[in-house]
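Chemist: work-v1.cif is the file, holding mmCIF, C-alpha atoms:
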```cif
data_start
#
loop_
_atom_site.label_atom_id
_atom_site.label_comp_id
_atom_site.auth_asym_id
_atom_site.auth_seq_id
_atom_site.Cartn_x
_atom_site.Cartn_y
_atom_site.Cartn_z
CA MET Y 1 -39.17 -60.56 38.97
CA GLY Y 2 -39.61 -63.80 41.04
CA ASN Y 3 -40.80 -64.01 44.62
CA VAL Y 4 -37.94 -62.08 46.27
CA LYS Y 5 -38.19 -60.80 49.86
CA VAL Y 6 -37.42 -57.22 48.89
CA ILE Y 7 -39.23 -55.50 51.75
CA GLU Y 8 -37.43 -57.31 54.53
CA ILE Y 9 -34.04 -56.58 52.97
CA HIS Y 10 -35.04 -52.96 52.49
CA GLU Y 11 -36.10 -52.63 56.13
CA ASP Y 12 -32.89 -54.22 57.24
CA ILE Y 13 -30.85 -51.74 55.21
CA PHE Y 14 -32.68 -48.83 56.83
CA ALA Y 15 -32.34 -50.34 60.33
CA SER Y 16 -28.61 -50.91 59.81
CA ASN Y 17 -28.24 -47.39 58.42
CA ASP Y 18 -30.06 -45.93 61.42
CA ARG Y 19 -27.70 -47.70 63.83
CA THR Y 20 -24.64 -46.35 62.02
CA ALA Y 21 -26.22 -42.88 61.90
CA GLU Y 22 -26.79 -42.93 65.64
CA ILE Y 23 -23.13 -43.84 66.27
CA ILE Y 24 -21.99 -40.94 64.06
CA ARG Y 25 -24.34 -38.54 65.88
CA GLN Y 26 -23.09 -39.65 69.30
CA LYS Y 27 -19.46 -39.23 68.19
CA MET Y 28 -20.19 -35.74 66.86
CA THR Y 29 -22.02 -34.74 70.05
CA ALA Y 30 -19.17 -36.10 72.20
CA GLN Y 31 -16.59 -34.04 70.32
CA GLY Y 32 -18.85 -30.94 70.41
CA THR Y 33 -19.29 -30.74 66.64
CA LEU Y 34 -22.65 -29.64 65.21
CA PHE Y 35 -23.18 -31.85 62.12
CA LEU Y 36 -25.60 -30.45 59.50
CA ASN Y 37 -26.82 -32.31 56.39
CA VAL Y 38 -27.75 -29.90 53.58
CA MET Y 39 -30.13 -31.16 50.86
CA SER Y 40 -31.90 -29.69 47.81
CA SER Y 41 -32.62 -30.09 44.10
CA PRO Y 42 -29.70 -29.58 41.71
CA GLY Y 43 -29.02 -25.88 41.30
CA SER Y 44 -31.02 -24.63 44.31
CA GLY Y 45 -27.96 -22.91 45.74
CA LYS Y 46 -26.48 -25.34 48.29
CA THR Y 47 -22.88 -24.42 47.53
CA THR Y 48 -23.50 -20.65 47.37
CA THR Y 49 -25.45 -20.77 50.65
CA LEU Y 50 -22.72 -22.77 52.38
CA ILE Y 51 -19.97 -20.43 51.16
CA LYS Y 52 -21.93 -17.44 52.49
CA LEU Y 53 -22.61 -19.11 55.85
CA ILE Y 54 -19.05 -20.35 56.32
CA ASN Y 55 -17.68 -16.87 55.60
CA MET Y 56 -20.11 -15.40 58.15
CA LEU Y 57 -19.23 -17.94 60.85
CA LYS Y 58 -15.55 -18.75 60.32
CA ALA Y 59 -14.20 -15.95 62.53
CA ASP Y 60 -15.97 -17.50 65.54
CA TYR Y 61 -15.92 -21.22 64.77
CA ARG Y 62 -13.72 -23.92 63.23
CA ILE Y 63 -15.66 -25.29 60.28
CA GLY Y 64 -15.38 -28.34 58.04
CA GLU Y 65 -17.27 -29.19 54.87
CA MET Y 66 -17.87 -32.50 53.07
CA ASP Y 67 -19.25 -32.40 49.56
CA VAL Y 68 -20.91 -35.34 47.85
CA ASP Y 69 -21.03 -35.58 44.07
CA ILE Y 70 -21.27 -38.38 41.57
CA GLU Y 71 -17.88 -37.89 39.97
CA SER Y 72 -16.88 -34.22 39.86
CA SER Y 73 -15.01 -32.24 42.54
CA LEU Y 74 -16.27 -28.80 41.56
CA ASP Y 75 -18.20 -27.94 44.70
CA ALA Y 76 -15.60 -28.90 47.32
CA GLN Y 77 -13.02 -26.90 45.36
CA LYS Y 78 -15.38 -23.94 45.10
CA VAL Y 79 -16.02 -23.98 48.88
CA ALA Y 80 -12.31 -24.35 49.70
CA ASP Y 81 -11.37 -21.51 47.32
CA ALA Y 82 -14.10 -19.15 48.54
CA THR Y 83 -13.81 -19.73 52.29
CA GLY Y 84 -10.34 -21.11 53.02
CA VAL Y 85 -11.79 -23.94 55.14
CA GLU Y 86 -10.68 -27.53 54.75
CA SER Y 87 -13.20 -29.17 52.45
CA ILE Y 88 -13.35 -32.74 51.16
CA GLN Y 89 -15.09 -34.22 48.17
CA ILE Y 90 -16.83 -37.60 48.35
CA HIS Y 91 -17.50 -39.35 45.05
CA ASN Y 92 -20.42 -41.72 45.53
CA GLY Y 93 -20.10 -43.40 42.15
CA GLY Y 94 -23.51 -42.67 40.68
CA LEU Y 95 -25.84 -43.16 43.62
CA CYS Y 96 -28.56 -40.62 44.27
CA HIS Y 97 -27.89 -40.22 48.00
CA ILE Y 98 -25.30 -40.58 50.76
CA ASP Y 99 -26.09 -42.84 53.70
CA ALA Y 100 -24.59 -43.27 57.15
CA ASP Y 101 -22.17 -46.02 56.02
CA MET Y 102 -20.74 -43.77 53.30
CA THR Y 103 -20.56 -40.88 55.78
CA SER Y 104 -18.74 -43.04 58.32
CA ARG Y 105 -16.20 -44.15 55.68
CA ALA Y 106 -15.58 -40.49 54.81
CA LEU Y 107 -15.21 -39.63 58.51
CA MET Y 108 -12.48 -42.28 58.83
CA GLU Y 109 -10.37 -40.29 56.37
CA TYR Y 110 -11.40 -36.80 57.45
CA ASP Y 111 -10.39 -35.68 60.93
CA THR Y 112 -13.35 -33.65 62.23
CA ALA Y 113 -12.42 -33.65 65.94
CA GLY Y 114 -11.34 -30.00 65.87
CA PHE Y 115 -14.47 -28.66 64.18
CA ASP Y 116 -17.30 -26.75 65.87
CA ILE Y 117 -19.48 -27.12 62.78
CA LEU Y 118 -19.39 -29.77 60.04
CA PHE Y 119 -21.50 -29.30 56.92
CA LEU Y 120 -22.40 -32.16 54.58
CA GLU Y 121 -23.52 -31.02 51.14
CA ASN Y 122 -25.62 -33.93 49.90
CA ILE Y 123 -26.32 -34.95 46.27
CA GLY Y 124 -28.74 -32.61 44.46
CA ASN Y 125 -31.93 -34.65 44.65
CA LEU Y 126 -35.33 -34.35 46.41
CA VAL Y 127 -36.06 -38.08 46.63
CA CYS Y 128 -33.29 -40.42 47.77
CA PRO Y 129 -31.35 -38.25 50.28
CA ALA Y 130 -34.56 -37.87 52.34
CA GLU Y 131 -34.65 -41.63 52.94
CA PHE Y 132 -31.27 -42.03 54.59
CA ASP Y 133 -30.24 -40.68 57.99
CA THR Y 134 -26.64 -39.51 57.50
CA GLY Y 135 -25.89 -39.16 61.21
CA ALA Y 136 -26.30 -35.37 61.10
CA HIS Y 137 -27.84 -33.61 64.10
CA LYS Y 138 -30.16 -31.63 61.86
CA ASN Y 139 -31.31 -31.68 58.24
CA VAL Y 140 -31.27 -28.40 56.35
CA MET Y 141 -33.21 -28.23 53.10
CA ILE Y 142 -33.13 -25.54 50.42
CA LEU Y 143 -36.10 -24.88 48.13
CA SER Y 144 -35.37 -22.20 45.56
CA VAL Y 145 -37.96 -19.80 44.19
CA PRO Y 146 -37.67 -20.86 40.50
CA GLU Y 147 -38.60 -24.45 41.46
CA GLY Y 148 -42.12 -23.45 42.49
CA HIS Y 149 -44.12 -23.46 45.74
CA ASP Y 150 -45.75 -26.83 44.94
CA LYS Y 151 -42.62 -28.90 45.65
CA PRO Y 152 -43.68 -29.88 49.21
CA LEU Y 153 -46.76 -31.55 47.68
CA LYS Y 154 -44.63 -33.48 45.20
CA TYR Y 155 -41.66 -34.48 47.37
CA PRO Y 156 -43.28 -34.69 50.82
CA LEU Y 157 -40.71 -36.91 52.57
CA MET Y 158 -37.93 -34.36 51.99
CA PHE Y 159 -39.99 -31.67 53.69
CA LYS Y 160 -41.02 -34.00 56.53
CA VAL Y 161 -37.43 -34.92 57.48
CA SER Y 162 -36.00 -31.40 57.33
CA ASP Y 163 -35.58 -29.27 60.47
CA LEU Y 164 -34.63 -26.00 58.75
CA ILE Y 165 -36.04 -25.13 55.33
CA LEU Y 166 -34.53 -22.19 53.45
CA LEU Y 167 -36.55 -20.55 50.67
CA ASN Y 168 -33.63 -19.39 48.51
CA LYS Y 169 -33.32 -16.93 45.60
CA MET Y 170 -35.90 -14.63 47.23
CA ASP Y 171 -34.23 -11.76 45.33
CA ALA Y 172 -35.90 -13.27 42.21
CA VAL Y 173 -39.34 -13.79 43.76
CA ASP Y 174 -41.02 -11.08 41.64
CA TYR Y 175 -39.84 -12.84 38.52
CA PHE Y 176 -41.39 -16.26 39.16
CA ASP Y 177 -44.83 -17.59 40.10
CA PHE Y 178 -43.72 -18.46 43.64
CA ASP Y 179 -45.94 -17.73 46.64
CA PRO Y 180 -43.80 -17.92 49.83
CA GLU Y 181 -46.88 -18.04 52.08
CA LEU Y 182 -48.31 -20.98 50.14
CA ALA Y 183 -44.93 -22.75 50.32
CA GLU Y 184 -44.89 -22.22 54.11
CA LYS Y 185 -48.47 -23.48 54.42
CA TYR Y 186 -47.70 -26.67 52.45
CA ILE Y 187 -44.50 -27.26 54.47
CA HIS Y 188 -46.16 -26.74 57.85
CA GLU Y 189 -49.01 -29.10 56.93
CA LEU Y 190 -46.38 -31.83 56.45
CA ASN Y 191 -44.04 -30.72 59.21
CA PRO Y 192 -45.44 -28.29 61.81
CA ASP Y 193 -42.05 -27.98 63.58
CA ALA Y 194 -40.02 -26.98 60.52
CA VAL Y 195 -38.25 -23.65 60.84
CA ILE Y 196 -38.66 -21.77 57.53
CA ILE Y 197 -36.44 -18.83 56.59
CA PRO Y 198 -36.73 -16.95 53.27
CA ILE Y 199 -33.21 -16.09 52.08
CA SER Y 200 -31.07 -14.98 49.21
CA ALA Y 201 -27.58 -16.44 49.44
CA LYS Y 202 -26.64 -14.04 46.62
CA THR Y 203 -27.79 -10.77 48.21
CA GLY Y 204 -27.68 -11.82 51.87
CA ILE Y 205 -31.43 -11.60 52.69
CA GLY Y 206 -32.19 -13.72 55.77
CA MET Y 207 -28.66 -15.07 56.14
CA GLU Y 208 -28.11 -13.53 59.62
CA GLU Y 209 -31.19 -15.42 60.81
CA VAL Y 210 -29.77 -18.67 59.42
CA ALA Y 211 -26.42 -18.03 61.11
CA GLY Y 212 -28.30 -17.39 64.38
CA TRP Y 213 -30.15 -20.71 64.04
CA ILE Y 214 -26.80 -22.50 63.57
CA ARG Y 215 -25.25 -20.78 66.64
CA LYS Y 216 -28.22 -21.93 68.75
CA GLU Y 217 -28.06 -25.50 67.44
CA LEU Y 218 -24.34 -25.63 68.24
CA GLU Y 219 -25.11 -24.53 71.80
CA LYS Y 220 -27.66 -27.36 72.08
CA VAL Y 221 -25.05 -29.92 70.96
CA ARG Y 222 -22.49 -28.53 73.43
CA ASN Y 223 -25.06 -28.63 76.24
CA GLY Y 224 -25.98 -32.20 75.30
CA ARG Y 225 -22.47 -33.57 75.93
CA MET V 226 -21.61 -55.75 53.85
CA GLY V 227 -20.54 -59.41 53.15
CA ASN V 228 -19.36 -60.79 49.83
CA VAL V 229 -22.59 -60.24 47.88
CA LYS V 230 -22.67 -60.46 44.09
CA VAL V 231 -24.20 -57.02 43.74
CA ILE V 232 -22.79 -56.23 40.30
CA GLU V 233 -24.21 -59.28 38.59
CA ILE V 234 -27.68 -58.68 40.02
CA HIS V 235 -27.46 -55.03 39.02
CA GLU V 236 -26.44 -55.95 35.45
CA ASP V 237 -29.26 -58.43 35.27
CA ILE V 238 -31.79 -55.80 36.31
CA PHE V 239 -30.53 -53.46 33.60
CA ALA V 240 -30.47 -56.25 30.97
CA SER V 241 -34.04 -57.26 31.85
CA ASN V 242 -35.12 -53.61 31.78
CA ASP V 243 -33.48 -53.11 28.37
CA ARG V 244 -35.38 -56.09 26.92
CA THR V 245 -38.71 -54.73 28.19
CA ALA V 246 -37.81 -51.25 26.89
CA GLU V 247 -37.09 -52.65 23.42
CA ILE V 248 -40.48 -54.42 23.36
CA ILE V 249 -42.24 -51.15 24.29
CA ARG V 250 -40.32 -49.26 21.60
CA GLN V 251 -41.21 -51.83 18.92
CA LYS V 252 -44.88 -51.70 19.92
CA MET V 253 -44.86 -47.89 19.75
CA THR V 254 -43.15 -47.91 16.35
CA ALA V 255 -45.61 -50.51 15.02
CA GLN V 256 -48.60 -48.37 16.06
CA GLY V 257 -46.96 -45.21 14.67
CA THR V 258 -46.68 -43.45 18.05
CA LEU V 259 -43.63 -41.29 18.80
CA PHE V 260 -42.83 -41.96 22.48
CA LEU V 261 -40.82 -39.23 24.25
CA ASN V 262 -39.40 -39.47 27.80
CA VAL V 263 -39.03 -36.02 29.41
CA MET V 264 -36.56 -35.65 32.30
CA SER V 265 -35.21 -32.80 34.46
CA SER V 266 -34.58 -31.55 38.01
CA PRO V 267 -37.64 -30.72 40.12
CA GLY V 268 -39.01 -27.34 39.05
CA SER V 269 -37.17 -27.03 35.73
CA GLY V 270 -40.41 -26.60 33.84
CA LYS V 271 -41.33 -30.09 32.52
CA THR V 272 -45.08 -29.61 32.99
CA THR V 273 -45.17 -26.05 31.64
CA THR V 274 -43.10 -27.07 28.59
CA LEU V 275 -45.35 -30.07 27.90
CA ILE V 276 -48.53 -27.99 28.20
CA LYS V 277 -47.13 -25.44 25.75
CA LEU V 278 -46.02 -28.15 23.28
CA ILE V 279 -49.26 -30.11 23.46
CA ASN V 280 -51.28 -26.94 22.82
CA MET V 281 -49.06 -26.16 19.81
CA LEU V 282 -49.36 -29.68 18.35
CA LYS V 283 -52.84 -30.88 19.30
CA ALA V 284 -54.59 -29.45 16.22
CA ASP V 285 -52.45 -31.70 14.01
CA TYR V 286 -51.85 -34.79 16.17
CA ARG V 287 -53.55 -37.03 18.72
CA ILE V 288 -51.50 -36.72 21.89
CA GLY V 289 -51.29 -38.67 25.16
CA GLU V 290 -49.40 -37.84 28.34
CA MET V 291 -48.26 -40.00 31.27
CA ASP V 292 -47.07 -38.28 34.40
CA VAL V 293 -44.94 -39.95 37.06
CA ASP V 294 -44.91 -38.67 40.63
CA ILE V 295 -44.26 -40.15 44.01
CA GLU V 296 -47.75 -39.73 45.41
CA SER V 297 -49.40 -36.55 44.10
CA SER V 298 -51.51 -36.18 40.95
CA LEU V 299 -50.94 -32.46 40.45
CA ASP V 300 -49.09 -32.57 37.14
CA ALA V 301 -51.38 -34.94 35.22
CA GLN V 302 -54.37 -32.86 36.34
CA LYS V 303 -52.60 -29.64 35.33
CA VAL V 304 -51.81 -31.04 31.86
CA ALA V 305 -55.35 -32.38 31.38
CA ASP V 306 -56.91 -29.06 32.50
CA ALA V 307 -54.63 -26.89 30.35
CA THR V 308 -54.66 -28.95 27.15
CA GLY V 309 -57.77 -31.13 27.15
CA VAL V 310 -55.73 -34.22 26.24
CA GLU V 311 -56.17 -37.51 28.05
CA SER V 312 -53.48 -37.62 30.70
CA ILE V 313 -52.71 -40.31 33.29
CA GLN V 314 -50.84 -40.16 36.56
CA ILE V 315 -48.50 -42.94 37.63
CA HIS V 316 -47.65 -43.09 41.34
CA ASN V 317 -44.33 -44.86 41.70
CA GLY V 318 -44.46 -45.12 45.49
CA GLY V 319 -41.30 -43.24 46.41
CA LEU V 320 -38.81 -44.43 43.80
CA CYS V 321 -36.60 -41.87 42.10
CA HIS V 322 -37.19 -43.10 38.55
CA ILE V 323 -39.55 -45.00 36.27
CA ASP V 324 -38.24 -48.05 34.41
CA ALA V 325 -39.51 -50.07 31.47
CA ASP V 326 -41.41 -52.56 33.67
CA MET V 327 -43.33 -49.74 35.35
CA THR V 328 -43.96 -48.13 31.95
CA SER V 329 -45.25 -51.41 30.53
CA ARG V 330 -47.62 -51.83 33.48
CA ALA V 331 -48.96 -48.31 32.89
CA LEU V 332 -49.35 -49.06 29.16
CA MET V 333 -51.50 -52.08 29.99
CA GLU V 334 -54.07 -49.71 31.55
CA TYR V 335 -53.65 -46.80 29.15
CA ASP V 336 -54.72 -47.35 25.56
CA THR V 337 -52.15 -45.48 23.47
CA ALA V 338 -52.91 -47.10 20.09
CA GLY V 339 -54.66 -43.98 18.77
CA PHE V 340 -51.89 -41.53 19.68
CA ASP V 341 -49.42 -39.94 17.27
CA ILE V 342 -47.33 -38.66 20.16
CA LEU V 343 -47.03 -39.98 23.72
CA PHE V 344 -45.16 -37.94 26.34
CA LEU V 345 -43.83 -39.45 29.56
CA GLU V 346 -43.07 -36.86 32.26
CA ASN V 347 -40.51 -38.61 34.44
CA ILE V 348 -39.76 -37.95 38.15
CA GLY V 349 -37.91 -34.69 38.81
CA ASN V 350 -34.39 -36.01 39.31
CA LEU V 351 -31.05 -35.79 37.45
CA VAL V 352 -29.63 -39.11 38.69
CA CYS V 353 -31.88 -42.20 38.66
CA PRO V 354 -34.06 -41.59 35.57
CA ALA V 355 -30.91 -41.45 33.41
CA GLU V 356 -30.10 -45.05 34.33
CA PHE V 357 -33.29 -46.70 33.08
CA ASP V 358 -34.41 -47.01 29.47
CA THR V 359 -38.19 -46.43 29.60
CA GLY V 360 -38.83 -47.70 26.07
CA ALA V 361 -39.14 -44.17 24.67
CA HIS V 362 -37.84 -43.46 21.16
CA LYS V 363 -36.02 -40.37 22.37
CA ASN V 364 -35.02 -38.80 25.67
CA VAL V 365 -35.75 -35.09 26.12
CA MET V 366 -34.00 -33.31 28.98
CA ILE V 367 -34.69 -29.85 30.39
CA LEU V 368 -31.97 -27.80 32.11
CA SER V 369 -33.29 -24.51 33.46
CA VAL V 370 -31.25 -21.32 33.67
CA PRO V 371 -31.48 -20.89 37.49
CA GLU V 372 -29.86 -24.34 37.99
CA GLY V 373 -26.54 -23.17 36.52
CA HIS V 374 -24.47 -24.10 33.47
CA ASP V 375 -22.26 -26.51 35.45
CA LYS V 376 -24.93 -29.23 35.75
CA PRO V 377 -23.56 -31.33 32.80
CA LEU V 378 -20.28 -31.65 34.75
CA LYS V 379 -22.12 -32.80 37.86
CA TYR V 380 -24.77 -35.12 36.39
CA PRO V 381 -23.00 -36.36 33.23
CA LEU V 382 -25.05 -39.53 32.59
CA MET V 383 -28.28 -37.53 32.23
CA PHE V 384 -26.68 -35.38 29.52
CA LYS V 385 -25.13 -38.42 27.79
CA VAL V 386 -28.43 -40.29 27.40
CA SER V 387 -30.51 -37.31 26.21
CA ASP V 388 -31.20 -36.70 22.52
CA LEU V 389 -32.79 -33.27 22.85
CA ILE V 390 -31.71 -30.86 25.58
CA LEU V 391 -33.81 -27.75 26.22
CA LEU V 392 -32.24 -24.81 28.06
CA ASN V 393 -35.40 -23.46 29.72
CA LYS V 394 -36.28 -20.15 31.44
CA MET V 395 -34.11 -18.24 28.94
CA ASP V 396 -36.35 -15.22 29.62
CA ALA V 397 -34.56 -15.05 33.01
CA VAL V 398 -31.01 -15.48 31.66
CA ASP V 399 -29.96 -11.91 32.48
CA TYR V 400 -30.91 -12.47 36.09
CA PHE V 401 -28.73 -15.53 36.77
CA ASP V 402 -25.06 -16.47 36.29
CA PHE V 403 -25.86 -18.85 33.44
CA ASP V 404 -23.69 -18.95 30.31
CA PRO V 405 -25.64 -20.77 27.54
CA GLU V 406 -22.48 -21.19 25.40
CA LEU V 407 -20.63 -22.81 28.28
CA ALA V 408 -23.62 -25.11 28.94
CA GLU V 409 -23.62 -26.14 25.26
CA LYS V 410 -19.84 -26.71 25.32
CA TYR V 411 -20.09 -28.96 28.42
CA ILE V 412 -23.04 -30.88 26.92
CA HIS V 413 -21.39 -31.43 23.54
CA GLU V 414 -18.18 -32.66 25.20
CA LEU V 415 -20.27 -35.42 26.81
CA ASN V 416 -22.68 -35.95 23.93
CA PRO V 417 -21.65 -34.52 20.52
CA ASP V 418 -24.95 -35.56 18.90
CA ALA V 419 -27.24 -33.84 21.40
CA VAL V 420 -29.60 -31.27 19.86
CA ILE V 421 -29.67 -28.21 22.15
CA ILE V 422 -32.44 -25.60 21.95
CA PRO V 423 -32.63 -22.55 24.25
CA ILE V 424 -36.30 -21.98 25.14
CA SER V 425 -38.72 -20.24 27.44
CA ALA V 426 -41.86 -22.30 27.93
CA LYS V 427 -43.33 -19.20 29.61
CA THR V 428 -42.74 -16.66 26.82
CA GLY V 429 -42.51 -19.07 23.87
CA ILE V 430 -38.85 -18.49 22.91
CA GLY V 431 -37.59 -21.48 20.88
CA MET V 432 -40.80 -23.48 21.19
CA GLU V 433 -41.50 -23.57 17.42
CA GLU V 434 -38.07 -25.18 16.94
CA VAL V 435 -38.91 -27.82 19.57
CA ALA V 436 -42.25 -28.52 17.87
CA GLY V 437 -40.39 -28.88 14.55
CA TRP V 438 -37.99 -31.39 16.08
CA ILE V 439 -40.97 -33.44 17.36
CA ARG V 440 -42.68 -33.38 13.92
CA LYS V 441 -39.46 -34.69 12.31
CA GLU V 442 -39.02 -37.44 14.91
CA LEU V 443 -42.62 -38.55 14.37
CA GLU V 444 -41.92 -38.81 10.62
CA LYS V 445 -38.88 -41.00 11.38
CA VAL V 446 -41.02 -43.34 13.51
CA ARG V 447 -43.68 -43.52 10.79
CA ASN V 448 -41.05 -44.23 8.14
CA GLY V 449 -39.52 -46.90 10.39
CA ARG V 450 -42.72 -49.02 10.45
#
```
Once you've parsed the file, please lay out its structure as C-alpha cells.

Modeler:
Amino acid sequence: MGNVKVIEIHEDIFASNDRTAEIIRQKMTAQGTLFLNVMSSPGSGKTTTLIKLINMLKADYRIGEMDVDIESSLDAQKVADATGVESIQIHNGGLCHIDADMTSRALMEYDTAGFDILFLENIGNLVCPAEFDTGAHKNVMILSVPEGHDKPLKYPLMFKVSDLILLNKMDAVDYFDFDPELAEKYIHELNPDAVIIPISAKTGIGMEEVAGWIRKELEKVRNGR
Amino acid sequence: MGNVKVIEIHEDIFASNDRTAEIIRQKMTAQGTLFLNVMSSPGSGKTTTLIKLINMLKADYRIGEMDVDIESSLDAQKVADATGVESIQIHNGGLCHIDADMTSRALMEYDTAGFDILFLENIGNLVCPAEFDTGAHKNVMILSVPEGHDKPLKYPLMFKVSDLILLNKMDAVDYFDFDPELAEKYIHELNPDAVIIPISAKTGIGMEEVAGWIRKELEKVRNGR
C-alpha cells in the first residue's frame, strides 16, 4: 500500500459530489419538487413505508419514486404495483450507496418536472449512504424496532445527517428489547434538530404525522422558489 | 470522470487482499484455530448469537472474539461481560467492511495462538463485507426474520460467499411476513452448498445444531494441519 495521496482524492470526490448535489437540489426547488432521500438498514421497511405514504398522498400530489438496488428490480416493481405511480429502478452495480452523480444520471432518463414529491429509496445500508449527499432536500431515515435502540451509537453519521427519523415496526415493540425513549435520547444527543416519529407502516401508527411533515416540507420548497 | 483505469486498480486491491487472507488462513490452520467471520445487517443479532454460542462452547474450547465497529466499543464490551472471554474491539474509522489487511493488523496486537475458535464480528452491512476475504476459514451469515425472505434476491453476493446461514429471530416468525422455505429456496439457488439453520439466539432454537457445525469445522481445521 505505497505512499498514495488517498485523503486528497477522497476529499475531492466529496467536494465534487457536493457540487453536483447542490445543482440537483436547485433544479428540484426551481421545478417545485420536494426531493426526499430515504435510508435504512436492509429490511427496516423502506418500501412498505413508501407505499403507505404514496397511497396517502397521491390524491393530492403527483409523486415519483426512484429505487436503488444492486441488481434486482423487486422494490420499484412493488411500489409501482401497489401505488400506480411511475417508479424507476436504478441498478448501481454492487456499490453500497448512491451519490449525486448517479442520481443526476438517473434524472437525465427520468422526467421529474411534473412531480410535487420525488422519493429516492437508497440502498439498504447504515454506513455508505450517509456519506454522500444525493441532492435531496431532506434525508429520511428508518430505524426499525427489531434492530435495537443502540444503533445511533453504532452508526452515528447516519443519524447525524438525517432530518426525519422514523422508528418503524412499533406494532412489534412489546416483542423486542427496544426502548423508544432511549433511541430518541441517543438520536438527539447526535442530532438535536432531528424530528423523530414512531410509526408502523404495517398498521398505520404515526403515518398521518409523517404525511403532515411531508406536506409542510413541500410548502417550504414551493416558498423557496 | 476521465479515462481512469479503475478496474485494474480494483482487481489489484482484491488480489492483494486475497494473498493476505490466504496467509492469515494458513497461520490459523497451523495453530489449530478455527477462524469464523460473522456477517449480517445491523441489528440481526450477531452479538447475541455470538454470546450464546461462546457460552455454549467455552467449557470445551478456548475462544477469542474480535469485534469491528465504526467508532463504538459496545459489542466487544458486551461479549466480554456476558461470556468472560477475551474480546477486542477494532475501530475501522467509518469503512463499511473489514479486509484481510485490517484483520492482519489486528492479529499483530491480539495473540490468538492459544485459541481453538476465533470469531470475527464484522460491520453490520450486507454489501461491502461480502466483497473482502478476511482470512477466515468460513463465513457465517445471519438473516433475521424481520428483514424479510427477499434479502437473498437483493444482496446476492453476501449469500453466495457464506458457508453457514442462520435464519435468526425464528421465535418471532409468526409476527412477520417471513417464509423460511422461500428464504431457503432463494439462498440455495444462489449457493447450493450453503448450510441453513433456523435459530433464535434469544430462546435457543437451533443453537445446538450451530454449535455442532462449529465443532465439526474445528475438527476439519485440526485434521488439515

Chemist: Carefully work through the PyMOL selection byres ((chain V) within 8 of (chain Y)) for this structure and note down the residues it includes, as a ChimeraX atom specification.

Modeler: /V:266-269,294-297,299,319-321,350-353,371-373,376,378-380,397,400

Chemist: If the PyMOL selection byres ((chain Y and resi 197) around 10) were run on this exact file, what residues would it hold? Put them as JSON, numbers by chain.

Modeler: {"Y": [142, 164, 165, 166, 167, 168, 184, 194, 195, 196, 198, 199, 200, 205, 206, 207, 209, 210, 213]}

Chemist: Determine the residue set returned by the PyMOL selection byres ((chain V and resi 272-274) around 7) for the present structure, and present it as a PyMOL selection string.

Modeler: chain V and resi 270-271+275-278+300+304+426

Chemist: Find the axis-aligned box for region 195-211 of chain Y, covering all its listed atoms and adding 4 Å on each side, and write its centre and edge lengths in Å to one decimal as lines of an AutoDock Vina configuration file.

Modeler:
```
center_x = -32.5
center_y = -17.2
center_z = 53.9
size_x = 20.2
size_y = 20.9
size_z = 22.5
```

Chemist: Between Y:Asp111, Y:Asp18, Y:Asp116, Y:Asp163, which has the minimum distance to Asp193 (chain Y) (counting all atoms listed in the file)?

Modeler: Y:Asp163

Chemist: Counting all atoms listed in the file, which residues come within 12 Å of (-25.1, -30.7, 72.4), with the point read in the file's coordinates, and could you list them as a PyMOL selection string?

Modeler: chain Y and resi 25-35+116-117+137-138+215-225

Chemist: Any chance you can output those residues with C-alpha atoms as a PDB file, in the frame of the given file?

Modeler:
```
ATOM      1  CA  ARG Y  25     -24.340 -38.540  65.880  1.00  0.00           C
ATOM      2  CA  GLN Y  26     -23.090 -39.650  69.300  1.00  0.00           C
ATOM      3  CA  LYS Y  27     -19.460 -39.230  68.190  1.00  0.00           C
ATOM      4  CA  MET Y  28     -20.190 -35.740  66.860  1.00  0.00           C
ATOM      5  CA  THR Y  29     -22.020 -34.740  70.050  1.00  0.00           C
ATOM      6  CA  ALA Y  30     -19.170 -36.100  72.200  1.00  0.00           C
ATOM      7  CA  GLN Y  31     -16.590 -34.040  70.320  1.00  0.00           C
ATOM      8  CA  GLY Y  32     -18.850 -30.940  70.410  1.00  0.00           C
ATOM      9  CA  THR Y  33     -19.290 -30.740  66.640  1.00  0.00           C
ATOM     10  CA  LEU Y  34     -22.650 -29.640  65.210  1.00  0.00           C
ATOM     11  CA  PHE Y  35     -23.180 -31.850  62.120  1.00  0.00           C
ATOM     12  CA  ASP Y 116     -17.300 -26.750  65.870  1.00  0.00           C
ATOM     13  CA  ILE Y 117     -19.480 -27.120  62.780  1.00  0.00           C
ATOM     14  CA  HIS Y 137     -27.840 -33.610  64.100  1.00  0.00           C
ATOM     15  CA  LYS Y 138     -30.160 -31.630  61.860  1.00  0.00           C
ATOM     16  CA  ARG Y 215     -25.250 -20.780  66.640  1.00  0.00           C
ATOM     17  CA  LYS Y 216     -28.220 -21.930  68.750  1.00  0.00           C
ATOM     18  CA  GLU Y 217     -28.060 -25.500  67.440  1.00  0.00           C
ATOM     19  CA  LEU Y 218     -24.340 -25.630  68.240  1.00  0.00           C
ATOM     20  CA  GLU Y 219     -25.110 -24.530  71.800  1.00  0.00           C
ATOM     21  CA  LYS Y 220     -27.660 -27.360  72.080  1.00  0.00           C
ATOM     22  CA  VAL Y 221     -25.050 -29.920  70.960  1.00  0.00           C
ATOM     23  CA  ARG Y 222     -22.490 -28.530  73.430  1.00  0.00           C
ATOM     24  CA  ASN Y 223     -25.060 -28.630  76.240  1.00  0.00           C
ATOM     25  CA  GLY Y 224     -25.980 -32.200  75.300  1.00  0.00           C
ATOM     26  CA  ARG Y 225     -22.470 -33.570  75.930  1.00  0.00           C
TER      27      ARG Y 225
END
```

Chemist: Applying 9 Å and all atoms listed in the file, which residues near Thr134 (chain Y) remain after dropping the ones on its own chain fewer than 5 positions away? List them as an MDAnalysis selection string.

Modeler: chainID Y and resid 17:18 20:22 24:25 37 98:104 120 129

Chemist: Applying 8 Å and only C-alpha atoms, which residues near Ser87 (chain Y) remain after dropping the ones on its own chain fewer than 5 positions away? List them as a list in words.

Modeler: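 Close residues of Ser87 (chain Y): Gly64, Glu65, Met66, Asp67, Ala76, Gln77, Val79 and Ala80 of chain Y.
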
Chemist: Store the residues picked out above, limited to C-alpha atoms, as a short mmCIF file (atom, residue, chain, number, x, y, z; two decimals), in the frame of the given file.

Modeler:
```cif
data_model
loop_
_atom_site.label_atom_id
_atom_site.label_comp_id
_atom_site.auth_asym_id
_atom_site.auth_seq_id
_atom_site.Cartn_x
_atom_site.Cartn_y
_atom_site.Cartn_z
CA GLY Y 64 -15.38 -28.34 58.04
CA GLU Y 65 -17.27 -29.19 54.87
CA MET Y 66 -17.87 -32.50 53.07
CA ASP Y 67 -19.25 -32.40 49.56
CA ALA Y 76 -15.60 -28.90 47.32
CA GLN Y 77 -13.02 -26.90 45.36
CA VAL Y 79 -16.02 -23.98 48.88
CA ALA Y 80 -12.31 -24.35 49.70
#
```
